[in-house]
>>> print(open('entry08.txt').read())   # compact mmCIF, C-alpha atoms
# COMPACT_ATOMS: atom_id res chain seq x y z
CA LEU A 2 79.89 128.79 86.01
CA ILE A 3 76.25 127.73 86.31
CA MET A 4 76.51 125.91 82.99
CA ALA A 5 79.65 124.09 84.16
CA ILE A 6 77.89 122.98 87.34
CA PHE A 7 74.89 121.83 85.32
CA VAL A 8 77.10 119.83 82.93
CA ASP A 9 79.05 118.31 85.85
CA ASN A 10 75.81 117.28 87.60
CA TYR A 11 74.45 115.81 84.38
CA VAL A 12 77.63 113.81 83.70
CA ASN A 13 77.73 112.55 87.30
CA SER A 14 74.08 111.49 87.22
CA GLN A 15 74.61 109.69 83.90
CA ALA A 16 77.63 107.86 85.31
CA SER A 17 75.68 106.87 88.43
CA ARG A 18 72.78 105.65 86.32
CA ARG A 19 75.16 103.59 84.15
CA ILE A 20 76.79 101.99 87.21
CA GLU A 21 73.36 101.13 88.60
CA GLU A 22 72.32 99.63 85.27
CA LEU A 23 75.50 97.50 85.14
CA GLN A 24 74.84 96.23 88.66
CA ASP A 25 71.22 95.43 87.85
CA THR A 26 72.11 93.50 84.72
CA ALA A 27 75.23 91.69 86.00
CA LEU A 28 73.62 88.28 86.48
CA THR A 29 71.83 88.41 83.13
CA ALA A 30 75.07 89.39 81.39
CA GLU A 31 76.99 86.62 83.15
CA VAL A 32 74.50 83.92 82.16
CA SER A 33 74.37 85.21 78.58
CA ILE A 34 78.16 85.01 78.34
CA GLU A 35 78.18 81.54 79.92
CA GLU A 36 75.56 80.38 77.41
CA LYS A 37 77.76 81.55 74.53
CA ILE A 38 80.84 79.86 75.99
CA ALA A 39 78.88 76.62 76.40
CA LYS A 40 77.70 76.89 72.78
CA PHE A 41 81.27 77.24 71.53
CA VAL A 42 82.49 74.36 73.68
CA ARG A 43 79.70 72.14 72.31
CA GLN A 44 80.70 73.10 68.76
CA ARG A 45 84.34 72.26 69.47
CA ASP A 46 83.56 68.96 71.19
CA PRO A 47 79.91 67.83 70.91
CA GLY A 48 80.27 65.27 73.70
CA ALA A 49 82.05 67.62 76.14
CA LEU A 50 78.93 69.09 77.70
CA PRO A 51 75.52 67.67 78.45
CA LYS A 52 72.74 68.94 76.24
CA SER A 53 70.66 71.67 77.76
CA PRO A 54 68.07 73.89 76.14
CA SER A 55 69.39 77.29 75.22
CA VAL A 56 67.51 80.09 76.94
CA ASP A 57 67.48 83.84 76.67
CA ALA A 58 68.83 85.06 80.00
CA GLU A 59 66.63 88.16 79.80
CA ASP A 60 63.55 85.94 80.06
CA LEU A 61 64.59 84.51 83.45
CA ASP A 62 64.00 85.91 86.92
CA ASP A 63 66.90 86.33 89.37
CA GLU A 64 66.40 82.95 91.04
CA ALA A 65 66.31 81.11 87.71
CA LEU A 66 69.38 83.08 86.56
CA LYS A 67 71.32 82.06 89.68
CA LYS A 68 70.42 78.39 89.20
CA ARG A 69 71.31 78.54 85.51
CA SER A 70 74.63 80.23 86.26
CA ILE A 71 75.55 77.61 88.88
CA ARG A 72 74.65 74.78 86.49
CA LEU A 73 76.61 76.32 83.61
CA THR A 74 79.61 77.04 85.84
CA GLN A 75 79.69 73.45 87.08
CA THR A 76 79.38 72.18 83.53
CA ILE A 77 82.04 74.32 81.87
CA SER A 78 84.41 75.03 84.77
CA ASP A 79 87.19 72.89 83.24
CA VAL A 80 87.13 74.66 79.88
CA SER A 81 90.34 76.15 78.56
CA VAL A 82 90.42 78.39 75.50
CA SER A 83 93.40 79.05 73.24
CA LYS A 84 94.13 82.46 71.77
CA ASP A 85 93.22 81.33 68.25
CA GLU A 86 89.94 79.84 69.43
CA PHE A 87 89.06 82.98 71.39
CA GLN A 88 89.83 85.13 68.33
CA GLU A 89 87.38 82.98 66.35
CA TRP A 90 84.75 83.49 69.05
CA LEU A 91 85.18 87.25 68.73
CA LEU A 92 84.43 87.03 65.01
CA ASP A 93 81.06 85.44 65.82
CA GLU A 94 78.42 88.17 65.55
CA GLY A 95 76.32 86.61 68.32
CA PHE A 96 79.22 86.56 70.78
CA ALA A 97 80.25 90.13 69.91
CA ALA A 98 76.63 91.25 70.35
CA THR A 99 76.43 89.48 73.73
CA LEU A 100 79.60 91.24 74.88
CA GLU A 101 78.36 94.62 73.69
CA LYS A 102 74.98 94.08 75.33
CA ALA A 103 76.81 93.20 78.57
CA GLY A 104 78.64 96.54 78.42
CA ILE A 105 81.99 95.11 77.31
CA GLU A 106 83.74 97.14 74.63
CA VAL A 107 85.08 95.01 71.82
CA MET A 108 86.88 97.79 69.96
CA ASP A 109 90.27 96.20 70.69
CA ARG A 110 88.93 92.71 70.29
CA PHE A 111 92.22 91.19 69.24
CA GLN A 112 94.02 92.56 72.32
CA LEU A 113 91.26 91.31 74.58
CA PHE A 114 92.79 87.84 74.95
CA ASP A 115 96.08 89.25 76.24
CA THR A 116 94.19 91.45 78.69
CA LEU A 117 92.22 88.48 80.04
CA ASP A 118 95.17 86.07 80.18
CA ALA A 119 96.10 87.08 83.73
CA ASP A 120 98.77 84.40 84.20
CA SER A 121 100.19 84.83 80.67
CA GLY A 122 99.77 81.09 80.16
CA GLY A 123 98.67 81.35 76.53
CA SER A 124 95.18 80.02 77.24
CA LEU A 125 92.19 81.23 79.21
CA SER A 126 90.74 79.09 81.94
CA TYR A 127 87.01 79.40 82.47
CA PRO A 128 87.43 81.50 85.66
CA GLU A 129 89.92 83.82 83.91
CA LEU A 130 87.57 84.20 80.98
CA LEU A 131 84.33 84.82 82.86
CA HIS A 132 85.78 86.92 85.69
CA GLY A 133 87.84 88.92 83.22
CA LEU A 134 84.92 89.62 80.91
CA MET A 135 82.65 90.58 83.80
CA SER A 136 85.36 92.92 85.12
CA LEU A 137 85.49 94.68 81.76
CA ARG A 138 81.89 95.84 82.00
CA GLY A 139 81.54 99.61 82.03
CA THR A 140 84.30 102.17 82.24
CA ALA A 141 87.27 102.35 84.58
CA SER A 142 86.57 104.33 87.73
CA LYS A 143 88.82 106.04 90.24
CA THR A 144 88.41 103.07 92.58
CA ASP A 145 89.61 100.71 89.84
CA ILE A 146 92.72 102.78 89.25
CA ILE A 147 93.50 103.35 92.93
CA GLY A 148 92.86 99.66 93.64
CA ILE A 149 95.40 98.67 91.01
CA ARG A 150 97.96 101.13 92.35
CA LEU A 151 97.49 99.81 95.89
CA LYS A 152 97.87 96.21 94.74
CA VAL A 153 101.04 97.06 92.81
CA ASP A 154 102.33 98.87 95.90
CA HIS A 155 101.57 95.79 98.03
CA VAL A 156 103.30 93.43 95.61
CA SER A 157 106.31 95.77 95.46
CA HIS A 158 106.56 95.68 99.26
CA GLN A 159 106.38 91.89 99.22
CA LEU A 160 109.13 91.70 96.59
CA PHE A 161 111.37 94.04 98.58
CA GLU A 162 110.80 91.93 101.70
CA LEU A 163 111.68 88.78 99.76
CA LEU A 164 114.81 90.38 98.32
CA ASN A 165 115.82 91.64 101.76
CA THR A 166 115.36 88.18 103.19
CA LEU A 167 117.35 86.55 100.41
CA ASN A 168 120.15 89.11 100.46
CA GLY A 169 120.12 89.88 104.18
CA LEU A 170 119.77 93.57 103.31
CA GLU A 171 117.57 96.27 104.76
CA VAL A 172 116.25 98.30 101.83
CA ALA A 173 113.05 100.26 102.32
CA PRO A 174 110.59 100.01 99.44
CA GLN A 175 109.12 103.14 97.90
CA SER A 176 105.36 103.57 97.99
CA ALA A 177 103.50 104.28 94.78
CA PHE A 178 102.02 107.27 96.60
CA SER A 179 105.28 108.70 97.97
CA PRO A 180 106.70 111.81 96.25
>>> encode(input="entry08.txt", output="C-alpha cells")
Amino acid sequence: LIMAIFVDNYVNSQASRRIEELQDTALTAEVSIEEKIAKFVRQRDPGALPKSPSVDAEDLDDEALKKRSIRLTQTISDVSVSKDEFQEWLLDEGFAATLEKAGIEVMDRFQLFDTLDADSGGSLSYPELLHGLMSLRGTASKTDIIGIRLKVDHVSHQLFELLNTLNGLEVAPQSAFSP
C-alpha cells in the first residue's frame, strides 16, 4: 500500500511538472512553429512573405517572443495549407523536430491533418493549424475529456431545440451524463 501511494505521488508530481513545463514553454513553441510555417510558405511562394531574419525562439525573452509572434501571425494569417503540402511538411526533419520539441507527438503524423482540419474543408487555415498544433501539446487530461463531453452535450441540446422548432415537437434531449 505504501509503495502504491509512493508511485501515485511520483506519477502525479511528474504530470504536474510536465504541465508546468508546457505552460512555461508555450510561447517559445508557438514562435518556433510559426517560424517553420513561414519558412515553408516562403519556399512555396518566395514573394508571399516579407523577408525577415530567422531566429531561434529559445534565444528570445518573453517580450521579444510576443512581438515576434504578433509579427509572424500578421504576416502569415492568410495562409492555407493543403493535405498534400502538410504531409510534405511532416517529412521535413526540422519541422518534425520542432513539433517534438514543442511536445506534440508525431507518431500518427499522417492522421494529424485530419485531426487539425476542424471544419473538414480539406485545407488548414493558419488559425486551424497553429491553434490545433498548440492544443496537441502534452497528453489529454480529464478536463480535456470532460470539456469535450460537455461541448457535445451542448451541441446535442442545440440540435434537439432546432429539430423541435422545425417539427413543432417537444422531445427532451438526453444528457451525455444521464444514465
>>> atom_distance(input="entry08.txt", atom1="atom CA of Val32 of chain A", atom2="atom CA of Glu129 of chain A")
15.5 Å
>>> closest_residue(input="entry08.txt", among="A:Gln159, A:Ser83, A:Gln88, A:Ser126", to="Asp109 of chain A", atoms="only C-alpha atoms")
A:Gln88
>>> atom_distance(input="entry08.txt", atom1="atom CA of Lys143 of chain A", atom2="atom CA of Leu91 of chain A")
28.8 Å
>>> residues_around(input="entry08.txt", residues="Lys67 of chain A", least_positions_apart="3", cutoff="10 Å", atoms="all atoms listed in the file", output="number ranges by chain")
A: 28-29, 31-32, 61-64, 70-73
>>> atom_distance(input="entry08.txt", atom1="atom CA of Gly104 of chain A", atom2="atom CA of Leu134 of chain A")
9.7 Å
>>> closest_residue(input="entry08.txt", among="A:Thr26, A:Ser136, A:Ser121, A:Thr144", to="Glu106 of chain A", atoms="only C-alpha atoms")
A:Ser136
>>> residues_near_point(input="entry08.txt", point="(89.1, 80.8, 76.8)", cutoff="10 Å", atoms="only C-alpha atoms", output="number ranges by chain")
A: 38, 42, 80-88, 90, 114, 117-118, 123-131
